[in-house]
Amino acid sequence: MNTENKVVTENNWGAMILGATCALEEEHAMGHDVTPDMIDSMKNALMGPLAGIGDSVTQSIVKVILLGISINLATEGNVIGPVLYIVGFTAYALIVSYCSFFSGYRMGVVQL
């Protein structure tokens, strides 16, 4: 496996990089003025900022709020607590990943 072009970032918000990469790869395959170096540069430029935003929002806000509510319910003996956390975080992850992927795809299309 070639590790030179490996993108390491927060997985939910980082889906934007994958979407933009897909769009740019399509443009490159259709013969537009998109080079592989341009695609690599875009991926490298977005990894840090998206990791910072994603980690801050996901780990510091969403998880803390969901866990606070869920733990409170669970300590009162309510079975809904763990279920709320699992369903809530899964819904958050799916929605953010879906929206960020397609936002990246729309932004990655080169307008000629």
# chains A, B, ... in the order shown; residues from 1 in each chain; ligands from 1

$ select_by_dssp --residues "segment 18-81 of chain A" --states "alpha helix (DSSP H)" --output "PyMOL selection string"
chain A and resi 18-29+36-57+63-75+80-81

$ residues_around --residues "segment 107-109 of chain A" --least-positions-apart "4" --cutoff "7 Å" --atoms "only C-alpha atoms" --output "CSV table (one decimal) with C-alpha atoms, in the first residue's frame"
chain,number,residue,atom,x,y,z
A,20,ALA,CA,-13.7,16.8,-3.1
A,21,THR,CA,-11.1,14.2,-4.1
A,23,ALA,CA,-14.9,15.2,-7.8
A,24,LEU,CA,-11.4,16.2,-8.8
A,103,SER,CA,-20.5,19.3,0.2

$ closest_residue --among "A:Leu18, A:Leu46, A:Ala74, A:Val62" --to "Ala91 of chain A" --atoms "only C-alpha atoms"
A:Val62

$ atom_distance --atom1 "atom CA of Phe102 of chain A" --atom2 "atom CA of Gly19 of chain A"
6.0 Å

$ closest_residue --among "A:Gly31, A:Ser100, A:Glu76, A:Phe89" --to "Ile61 of chain A" --atoms "only C-alpha atoms"
A:Phe89

$ residues_around --residues "Leu50 of chain A" --least-positions-apart "5" --cutoff "10 Å" --atoms "only C-alpha atoms" --output "JSON, numbers by chain"
{"A": [9, 10, 11, 12, 13, 14, 15, 16, 17, 45, 55, 56]}

$ decode --residues "segment 88-101 of chain A" --atoms "all heavy atoms" --output "PDB file, in the first residue's frame"
ATOM      1  N   GLY A  88     -28.340   8.440  19.089  1.00  0.00           N
ATOM      2  CA  GLY A  88     -28.013   9.849  18.857  1.00  0.00           C
ATOM      3  C   GLY A  88     -26.671  10.037  18.188  1.00  0.00           C
ATOM      4  O   GLY A  88     -26.538  10.800  17.230  1.00  0.00           O
ATOM      5  N   PHE A  89     -25.654   9.337  18.677  1.00  0.00           N
ATOM      6  CA  PHE A  89     -24.334   9.508  18.085  1.00  0.00           C
ATOM      7  C   PHE A  89     -24.264   8.893  16.692  1.00  0.00           C
ATOM      8  O   PHE A  89     -23.608   9.440  15.803  1.00  0.00           O
ATOM      9  CB  PHE A  89     -23.232   8.926  18.972  1.00  0.00           C
ATOM     10  CG  PHE A  89     -21.871   9.328  18.493  1.00  0.00           C
ATOM     11  CD1 PHE A  89     -21.416  10.611  18.682  1.00  0.00           C
ATOM     12  CD2 PHE A  89     -21.062   8.432  17.815  1.00  0.00           C
ATOM     13  CE1 PHE A  89     -20.173  11.011  18.214  1.00  0.00           C
ATOM     14  CE2 PHE A  89     -19.822   8.820  17.342  1.00  0.00           C
ATOM     15  CZ  PHE A  89     -19.377  10.110  17.547  1.00  0.00           C
ATOM     16  N   THR A  90     -24.948   7.774  16.493  1.00  0.00           N
ATOM     17  CA  THR A  90     -24.988   7.176  15.158  1.00  0.00           C
ATOM     18  C   THR A  90     -25.671   8.107  14.168  1.00  0.00           C
ATOM     19  O   THR A  90     -25.179   8.295  13.041  1.00  0.00           O
ATOM     20  CB  THR A  90     -25.701   5.809  15.193  1.00  0.00           C
ATOM     21  OG1 THR A  90     -25.010   4.955  16.106  1.00  0.00           O
ATOM     22  CG2 THR A  90     -25.745   5.167  13.824  1.00  0.00           C
ATOM     23  N   ALA A  91     -26.776   8.708  14.573  1.00  0.00           N
ATOM     24  CA  ALA A  91     -27.479   9.649  13.689  1.00  0.00           C
ATOM     25  C   ALA A  91     -26.588  10.851  13.377  1.00  0.00           C
ATOM     26  O   ALA A  91     -26.493  11.285  12.224  1.00  0.00           O
ATOM     27  CB  ALA A  91     -28.775  10.108  14.346  1.00  0.00           C
ATOM     28  N   TYR A  92     -25.917  11.381  14.396  1.00  0.00           N
ATOM     29  CA  TYR A  92     -25.004  12.510  14.184  1.00  0.00           C
ATOM     30  C   TYR A  92     -23.911  12.142  13.182  1.00  0.00           C
ATOM     31  O   TYR A  92     -23.643  12.890  12.239  1.00  0.00           O
ATOM     32  CB  TYR A  92     -24.373  12.934  15.518  1.00  0.00           C
ATOM     33  CG  TYR A  92     -23.153  13.805  15.347  1.00  0.00           C
ATOM     34  CD1 TYR A  92     -23.283  15.148  15.058  1.00  0.00           C
ATOM     35  CD2 TYR A  92     -21.870  13.268  15.444  1.00  0.00           C
ATOM     36  CE1 TYR A  92     -22.167  15.947  14.884  1.00  0.00           C
ATOM     37  CE2 TYR A  92     -20.753  14.058  15.274  1.00  0.00           C
ATOM     38  CZ  TYR A  92     -20.906  15.394  14.991  1.00  0.00           C
ATOM     39  OH  TYR A  92     -19.802  16.177  14.808  1.00  0.00           O
ATOM     40  N   ALA A  93     -23.273  10.994  13.397  1.00  0.00           N
ATOM     41  CA  ALA A  93     -22.169  10.578  12.521  1.00  0.00           C
ATOM     42  C   ALA A  93     -22.629  10.396  11.082  1.00  0.00           C
ATOM     43  O   ALA A  93     -21.956  10.835  10.144  1.00  0.00           O
ATOM     44  CB  ALA A  93     -21.530   9.299  13.046  1.00  0.00           C
ATOM     45  N   LEU A  94     -23.781   9.764  10.898  1.00  0.00           N
ATOM     46  CA  LEU A  94     -24.280   9.533   9.540  1.00  0.00           C
ATOM     47  C   LEU A  94     -24.662  10.836   8.851  1.00  0.00           C
ATOM     48  O   LEU A  94     -24.334  11.047   7.680  1.00  0.00           O
ATOM     49  CB  LEU A  94     -25.474   8.586   9.568  1.00  0.00           C
ATOM     50  CG  LEU A  94     -25.163   7.133   9.916  1.00  0.00           C
ATOM     51  CD1 LEU A  94     -26.449   6.333  10.065  1.00  0.00           C
ATOM     52  CD2 LEU A  94     -24.270   6.508   8.864  1.00  0.00           C
ATOM     53  N   ILE A  95     -25.334  11.706   9.558  1.00  0.00           N
ATOM     54  CA  ILE A  95     -25.773  12.972   8.957  1.00  0.00           C
ATOM     55  C   ILE A  95     -24.580  13.856   8.608  1.00  0.00           C
ATOM     56  O   ILE A  95     -24.486  14.399   7.501  1.00  0.00           O
ATOM     57  CB  ILE A  95     -26.758  13.701   9.889  1.00  0.00           C
ATOM     58  CG1 ILE A  95     -28.072  12.931   9.952  1.00  0.00           C
ATOM     59  CG2 ILE A  95     -26.994  15.136   9.435  1.00  0.00           C
ATOM     60  CD1 ILE A  95     -29.011  13.370  11.062  1.00  0.00           C
ATOM     61  N   VAL A  96     -23.643  13.996   9.529  1.00  0.00           N
ATOM     62  CA  VAL A  96     -22.470  14.853   9.274  1.00  0.00           C
ATOM     63  C   VAL A  96     -21.618  14.269   8.150  1.00  0.00           C
ATOM     64  O   VAL A  96     -21.165  14.997   7.263  1.00  0.00           O
ATOM     65  CB  VAL A  96     -21.643  15.062  10.562  1.00  0.00           C
ATOM     66  CG1 VAL A  96     -20.305  15.706  10.258  1.00  0.00           C
ATOM     67  CG2 VAL A  96     -22.416  15.902  11.545  1.00  0.00           C
ATOM     68  N   SER A  97     -21.399  12.962   8.157  1.00  0.00           N
ATOM     69  CA  SER A  97     -20.591  12.338   7.105  1.00  0.00           C
ATOM     70  C   SER A  97     -21.240  12.507   5.738  1.00  0.00           C
ATOM     71  O   SER A  97     -20.571  12.857   4.758  1.00  0.00           O
ATOM     72  CB  SER A  97     -20.392  10.850   7.398  1.00  0.00           C
ATOM     73  OG  SER A  97     -19.650  10.672   8.562  1.00  0.00           O
ATOM     74  N   TYR A  98     -22.540  12.275   5.659  1.00  0.00           N
ATOM     75  CA  TYR A  98     -23.267  12.397   4.392  1.00  0.00           C
ATOM     76  C   TYR A  98     -23.205  13.838   3.880  1.00  0.00           C
ATOM     77  O   TYR A  98     -22.848  14.082   2.717  1.00  0.00           O
ATOM     78  CB  TYR A  98     -24.723  11.963   4.589  1.00  0.00           C
ATOM     79  CG  TYR A  98     -25.565  12.046   3.352  1.00  0.00           C
ATOM     80  CD1 TYR A  98     -25.583  10.997   2.437  1.00  0.00           C
ATOM     81  CD2 TYR A  98     -26.338  13.159   3.077  1.00  0.00           C
ATOM     82  CE1 TYR A  98     -26.356  11.070   1.290  1.00  0.00           C
ATOM     83  CE2 TYR A  98     -27.104  13.248   1.942  1.00  0.00           C
ATOM     84  CZ  TYR A  98     -27.114  12.193   1.044  1.00  0.00           C
ATOM     85  OH  TYR A  98     -27.873  12.278  -0.091  1.00  0.00           O
ATOM     86  N   CYS A  99     -23.531  14.782   4.747  1.00  0.00           N
ATOM     87  CA  CYS A  99     -23.543  16.192   4.331  1.00  0.00           C
ATOM     88  C   CYS A  99     -22.151  16.691   3.961  1.00  0.00           C
ATOM     89  O   CYS A  99     -21.993  17.409   2.968  1.00  0.00           O
ATOM     90  CB  CYS A  99     -24.140  17.054   5.427  1.00  0.00           C
ATOM     91  SG  CYS A  99     -25.903  16.773   5.691  1.00  0.00           S
ATOM     92  N   SER A 100     -21.145  16.323   4.730  1.00  0.00           N
ATOM     93  CA  SER A 100     -19.809  16.819   4.423  1.00  0.00           C
ATOM     94  C   SER A 100     -19.244  16.169   3.156  1.00  0.00           C
ATOM     95  O   SER A 100     -18.562  16.827   2.378  1.00  0.00           O
ATOM     96  CB  SER A 100     -18.856  16.647   5.601  1.00  0.00           C
ATOM     97  OG  SER A 100     -18.632  15.304   5.888  1.00  0.00           O
ATOM     98  N   PHE A 101     -19.559  14.890   2.915  1.00  0.00           N
ATOM     99  CA  PHE A 101     -19.086  14.247   1.687  1.00  0.00           C
ATOM    100  C   PHE A 101     -19.645  14.964   0.460  1.00  0.00           C
ATOM    101  O   PHE A 101     -18.908  15.321  -0.454  1.00  0.00           O
ATOM    102  CB  PHE A 101     -19.474  12.769   1.642  1.00  0.00           C
ATOM    103  CG  PHE A 101     -19.071  12.096   0.365  1.00  0.00           C
ATOM    104  CD1 PHE A 101     -17.797  11.583   0.215  1.00  0.00           C
ATOM    105  CD2 PHE A 101     -19.949  11.992  -0.701  1.00  0.00           C
ATOM    106  CE1 PHE A 101     -17.403  10.981  -0.969  1.00  0.00           C
ATOM    107  CE2 PHE A 101     -19.573  11.384  -1.889  1.00  0.00           C
ATOM    108  CZ  PHE A 101     -18.292  10.877  -2.018  1.00  0.00           C
TER     109      PHE A 101
END
